[in-house]
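Notes follow once the structure below has been shown.
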Amino acid sequence: SGRYLLTLINDILDLSRIEAGRRDIVEEPTHVQDCMDHAKNMLVGRATEKTIDIVVSAPANLPKVLCDYRALNQIAINLLTNAVKFTPENGKVTITARVVPDGRMAVIVSDNGPGIPKTEQQQLLRAFSRGSHATKLAIEGAGLGLPIVKGLMDVHGGTLEIVSET
């Protein structure tokens with residue numbers, strides 16, 4: 001309970017700094033693979049409890065990106081956390097990085113969970129919004145993960161795109 005409350009408080013503070021334009025970023029050359037591996041290591045215990053396999057995939061020649069390492073870690077952790085939360089037992093979560101044709105870096109998280117209904121996708125980018133699956137399945141969370149990811153992507157000049165089969 002203490003860890004959950006501390007995480008919640010830190011998330012609220014991070015989101016407040018982002019929304020106030022006070023989230024300073026310190027850009028440095030970063031291996032995206034390192035952030036993906038760190039996120040996997042943070043969530044492997046939770047994934048193991050549900051018998052979920054987390055796969056990290058990136059080409060060996062993936063270039064470094066200029067970004068805030070802490071922010072990229074937070075993005076990867078938040079996206080993987082959501083994927084693990086909503087993926088059913090014996091499921092699979094994959095985080096992939098690749099360079100897309102226009103030269104930007106794409107980090108893609110995919111899972112075999114229920115998906116996000118199209119009608120809820122924009123709503124879930126607002127703080128404290130929870131989707132119907134979270135409510136129906138009583139999955140814990142405050143609705144801050146995706147808004148933080150979107151805010152950190154905005155600060156970096158990137159984008160967050162939600163693609164779901166639901």
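Numbering starts fresh at 1 for the residues of each chain in the structure tokens, the chains themselves are lettered A, B, ... in the order given, and ligands are numbered from 1 as they appear.
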Who sits within 10 Å of A:Thr30, only C-alpha atoms, same chain under 6 positions skipped, as a PyMOL selection string:
chain A and resi 63-69+72
Could you pull out all residues of stretch 47-130 of chain A with a DSSP call of alpha helix (DSSP H) and give them as a PyMOL selection string?
chain A and resi 47-49+69-86
Using N, CA, C and O atoms, can you write the selected residues to a file as a PDB file, in the first residue's frame?
ATOM      1  N   ALA A  47       4.539  -9.681 -14.195  1.00  0.00           N
ATOM      2  CA  ALA A  47       4.212 -10.492 -15.367  1.00  0.00           C
ATOM      3  C   ALA A  47       4.280 -11.979 -15.035  1.00  0.00           C
ATOM      4  O   ALA A  47       3.424 -12.756 -15.459  1.00  0.00           O
ATOM      5  N   THR A  48       5.277 -12.367 -14.258  1.00  0.00           N
ATOM      6  CA  THR A  48       5.441 -13.771 -13.883  1.00  0.00           C
ATOM      7  C   THR A  48       4.243 -14.257 -13.075  1.00  0.00           C
ATOM      8  O   THR A  48       3.790 -15.388 -13.249  1.00  0.00           O
ATOM      9  N   GLU A  49       3.705 -13.395 -12.198  1.00  0.00           N
ATOM     10  CA  GLU A  49       2.529 -13.767 -11.405  1.00  0.00           C
ATOM     11  C   GLU A  49       1.354 -14.152 -12.291  1.00  0.00           C
ATOM     12  O   GLU A  49       0.550 -14.998 -11.934  1.00  0.00           O
ATOM     13  N   TYR A  69      16.787  10.434 -20.538  1.00  0.00           N
ATOM     14  CA  TYR A  69      16.825   9.006 -20.210  1.00  0.00           C
ATOM     15  C   TYR A  69      15.742   8.646 -19.198  1.00  0.00           C
ATOM     16  O   TYR A  69      15.033   7.662 -19.355  1.00  0.00           O
ATOM     17  N   ARG A  70      15.596   9.460 -18.149  1.00  0.00           N
ATOM     18  CA  ARG A  70      14.608   9.185 -17.104  1.00  0.00           C
ATOM     19  C   ARG A  70      13.195   9.206 -17.686  1.00  0.00           C
ATOM     20  O   ARG A  70      12.358   8.363 -17.381  1.00  0.00           O
ATOM     21  N   ALA A  71      12.935  10.164 -18.574  1.00  0.00           N
ATOM     22  CA  ALA A  71      11.612  10.264 -19.192  1.00  0.00           C
ATOM     23  C   ALA A  71      11.335   9.058 -20.083  1.00  0.00           C
ATOM     24  O   ALA A  71      10.231   8.503 -20.062  1.00  0.00           O
ATOM     25  N   LEU A  72      12.318   8.645 -20.875  1.00  0.00           N
ATOM     26  CA  LEU A  72      12.123   7.490 -21.742  1.00  0.00           C
ATOM     27  C   LEU A  72      11.889   6.224 -20.914  1.00  0.00           C
ATOM     28  O   LEU A  72      11.050   5.395 -21.264  1.00  0.00           O
ATOM     29  N   ASN A  73      12.588   6.101 -19.804  1.00  0.00           N
ATOM     30  CA  ASN A  73      12.336   4.980 -18.895  1.00  0.00           C
ATOM     31  C   ASN A  73      10.897   5.010 -18.392  1.00  0.00           C
ATOM     32  O   ASN A  73      10.220   3.989 -18.345  1.00  0.00           O
ATOM     33  N   GLN A  74      10.463   6.187 -17.987  1.00  0.00           N
ATOM     34  CA  GLN A  74       9.107   6.325 -17.453  1.00  0.00           C
ATOM     35  C   GLN A  74       8.065   5.992 -18.523  1.00  0.00           C
ATOM     36  O   GLN A  74       7.064   5.335 -18.232  1.00  0.00           O
ATOM     37  N   ILE A  75       8.301   6.412 -19.737  1.00  0.00           N
ATOM     38  CA  ILE A  75       7.393   6.097 -20.842  1.00  0.00           C
ATOM     39  C   ILE A  75       7.304   4.578 -21.021  1.00  0.00           C
ATOM     40  O   ILE A  75       6.213   4.002 -21.082  1.00  0.00           O
ATOM     41  N   ALA A  76       8.451   3.922 -21.098  1.00  0.00           N
ATOM     42  CA  ALA A  76       8.477   2.467 -21.306  1.00  0.00           C
ATOM     43  C   ALA A  76       7.808   1.735 -20.141  1.00  0.00           C
ATOM     44  O   ALA A  76       7.028   0.801 -20.345  1.00  0.00           O
ATOM     45  N   ILE A  77       8.082   2.162 -18.919  1.00  0.00           N
ATOM     46  CA  ILE A  77       7.489   1.511 -17.742  1.00  0.00           C
ATOM     47  C   ILE A  77       5.974   1.693 -17.738  1.00  0.00           C
ATOM     48  O   ILE A  77       5.228   0.731 -17.507  1.00  0.00           O
ATOM     49  N   ASN A  78       5.499   2.911 -18.006  1.00  0.00           N
ATOM     50  CA  ASN A  78       4.053   3.146 -17.998  1.00  0.00           C
ATOM     51  C   ASN A  78       3.345   2.335 -19.075  1.00  0.00           C
ATOM     52  O   ASN A  78       2.277   1.766 -18.831  1.00  0.00           O
ATOM     53  N   LEU A  79       3.921   2.276 -20.273  1.00  0.00           N
ATOM     54  CA  LEU A  79       3.286   1.517 -21.350  1.00  0.00           C
ATOM     55  C   LEU A  79       3.283   0.016 -21.049  1.00  0.00           C
ATOM     56  O   LEU A  79       2.274  -0.664 -21.247  1.00  0.00           O
ATOM     57  N   LEU A  80       4.401  -0.495 -20.537  1.00  0.00           N
ATOM     58  CA  LEU A  80       4.447  -1.918 -20.193  1.00  0.00           C
ATOM     59  C   LEU A  80       3.537  -2.240 -19.018  1.00  0.00           C
ATOM     60  O   LEU A  80       2.918  -3.306 -18.973  1.00  0.00           O
ATOM     61  N   THR A  81       3.457  -1.332 -18.050  1.00  0.00           N
ATOM     62  CA  THR A  81       2.572  -1.551 -16.900  1.00  0.00           C
ATOM     63  C   THR A  81       1.135  -1.736 -17.368  1.00  0.00           C
ATOM     64  O   THR A  81       0.438  -2.665 -16.947  1.00  0.00           O
ATOM     65  N   ASN A  82       0.672  -0.844 -18.252  1.00  0.00           N
ATOM     66  CA  ASN A  82      -0.690  -0.977 -18.784  1.00  0.00           C
ATOM     67  C   ASN A  82      -0.861  -2.290 -19.521  1.00  0.00           C
ATOM     68  O   ASN A  82      -1.870  -2.981 -19.358  1.00  0.00           O
ATOM     69  N   ALA A  83       0.109  -2.636 -20.349  1.00  0.00           N
ATOM     70  CA  ALA A  83       0.005  -3.872 -21.123  1.00  0.00           C
ATOM     71  C   ALA A  83      -0.091  -5.089 -20.203  1.00  0.00           C
ATOM     72  O   ALA A  83      -0.932  -5.971 -20.409  1.00  0.00           O
ATOM     73  N   VAL A  84       0.742  -5.132 -19.172  1.00  0.00           N
ATOM     74  CA  VAL A  84       0.726  -6.270 -18.247  1.00  0.00           C
ATOM     75  C   VAL A  84      -0.589  -6.297 -17.460  1.00  0.00           C
ATOM     76  O   VAL A  84      -1.181  -7.360 -17.252  1.00  0.00           O
ATOM     77  N   LYS A  85      -1.075  -5.138 -17.035  1.00  0.00           N
ATOM     78  CA  LYS A  85      -2.332  -5.077 -16.277  1.00  0.00           C
ATOM     79  C   LYS A  85      -3.485  -5.685 -17.060  1.00  0.00           C
ATOM     80  O   LYS A  85      -4.328  -6.381 -16.505  1.00  0.00           O
ATOM     81  N   PHE A  86      -3.558  -5.379 -18.352  1.00  0.00           N
ATOM     82  CA  PHE A  86      -4.729  -5.756 -19.128  1.00  0.00           C
ATOM     83  C   PHE A  86      -4.564  -7.035 -19.940  1.00  0.00           C
ATOM     84  O   PHE A  86      -5.523  -7.494 -20.554  1.00  0.00           O
TER      85      PHE A  86
END
Taking only C-alpha atoms into account, produce a table as CSV in which each residue of stretch 73-149 of chain A with an atom at most 8 Å from an atom of stretch 1-14 of chain A appears once, together with its shortest atom pair and the distance in Å to one decimal, ordered by chain and rising number.
residue,atom,partner,partner_atom,distance
A:Ala142,CA,A:Leu8,CA,7.4
A:Leu144,CA,A:Asp11,CA,6.7
A:Gly145,CA,A:Asp11,CA,7.8
A:Ile148,CA,A:Asp14,CA,7.3
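Closest to A:Asp154 among A:Pro88, A:Gly21, A:Gly115, A:Gly45 is A:Gly21, based on only C-alpha atoms.
Put simply, atom CA of A:Leu146 is 5.5 Å away from atom CA of A:Leu125.
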Please identify every residue of stretch 90-150 of chain A that has at least one atom no farther than 6 Å from an atom of stretch 50-55 of chain A, counting only C-alpha atoms, and for each give the shortest atom pair and the distance in Å to one decimal, arranged by chain then increasing number, as a Markdown table.
| residue | atom | partner | partner_atom | distance |
| --- | --- | --- | --- | --- |
| A:Asn90 | CA | A:Thr51 | CA | 4.8 |
| A:Gly91 | CA | A:Ile52 | CA | 4.8 |
| A:Lys92 | CA | A:Asp53 | CA | 4.8 |
| A:Val93 | CA | A:Ile54 | CA | 4.8 |
| A:Thr94 | CA | A:Val55 | CA | 4.7 |
Print the selection's residues with N, CA and C atoms to a file, as a tab-separated table (two decimals), in the first residue's frame.
chain	number	residue	atom	x	y	z
A	90	ASN	N	-1.28	-16.10	-19.04
A	90	ASN	CA	-0.65	-16.84	-20.13
A	90	ASN	C	-0.57	-16.02	-21.41
A	91	GLY	N	-0.54	-14.71	-21.27
A	91	GLY	CA	-0.48	-13.83	-22.41
A	91	GLY	C	0.93	-13.44	-22.79
A	92	LYS	N	1.02	-12.49	-23.72
A	92	LYS	CA	2.31	-12.05	-24.22
A	92	LYS	C	2.26	-10.54	-24.44
A	93	VAL	N	3.33	-9.87	-24.01
A	93	VAL	CA	3.51	-8.44	-24.21
A	93	VAL	C	4.84	-8.25	-24.93
A	94	THR	N	4.83	-7.44	-25.96
A	94	THR	CA	6.05	-7.19	-26.73
A	94	THR	C	6.31	-5.70	-26.77
List every residue of stretch 3-165 of chain A that DSSP, applied to the backbone of this structure, assigns to strand (DSSP E or B), and report them as a list in words.
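Reading the DSSP output for stretch 3-165 of chain A, strand (DSSP E or B) covers Glu27, Glu28, Pro29, Thr30, Asp53, Ile54, Val55, Val56, Ser57, Val65, Leu66, Cys67, Asp68, Lys92, Val93, Thr94, Ile95, Thr96, Ala97, Arg98, Val99, Met105, Ala106, Val107, Ile108, Val109, Ser110 and Asp111 of chain A.
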Counting only C-alpha atoms, which of A:Val107, A:Ile95, A:Ala127, A:Val26 gets nearest to A:Leu160?
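Using only C-alpha atoms, A:Leu160 sits closest to A:Val107.
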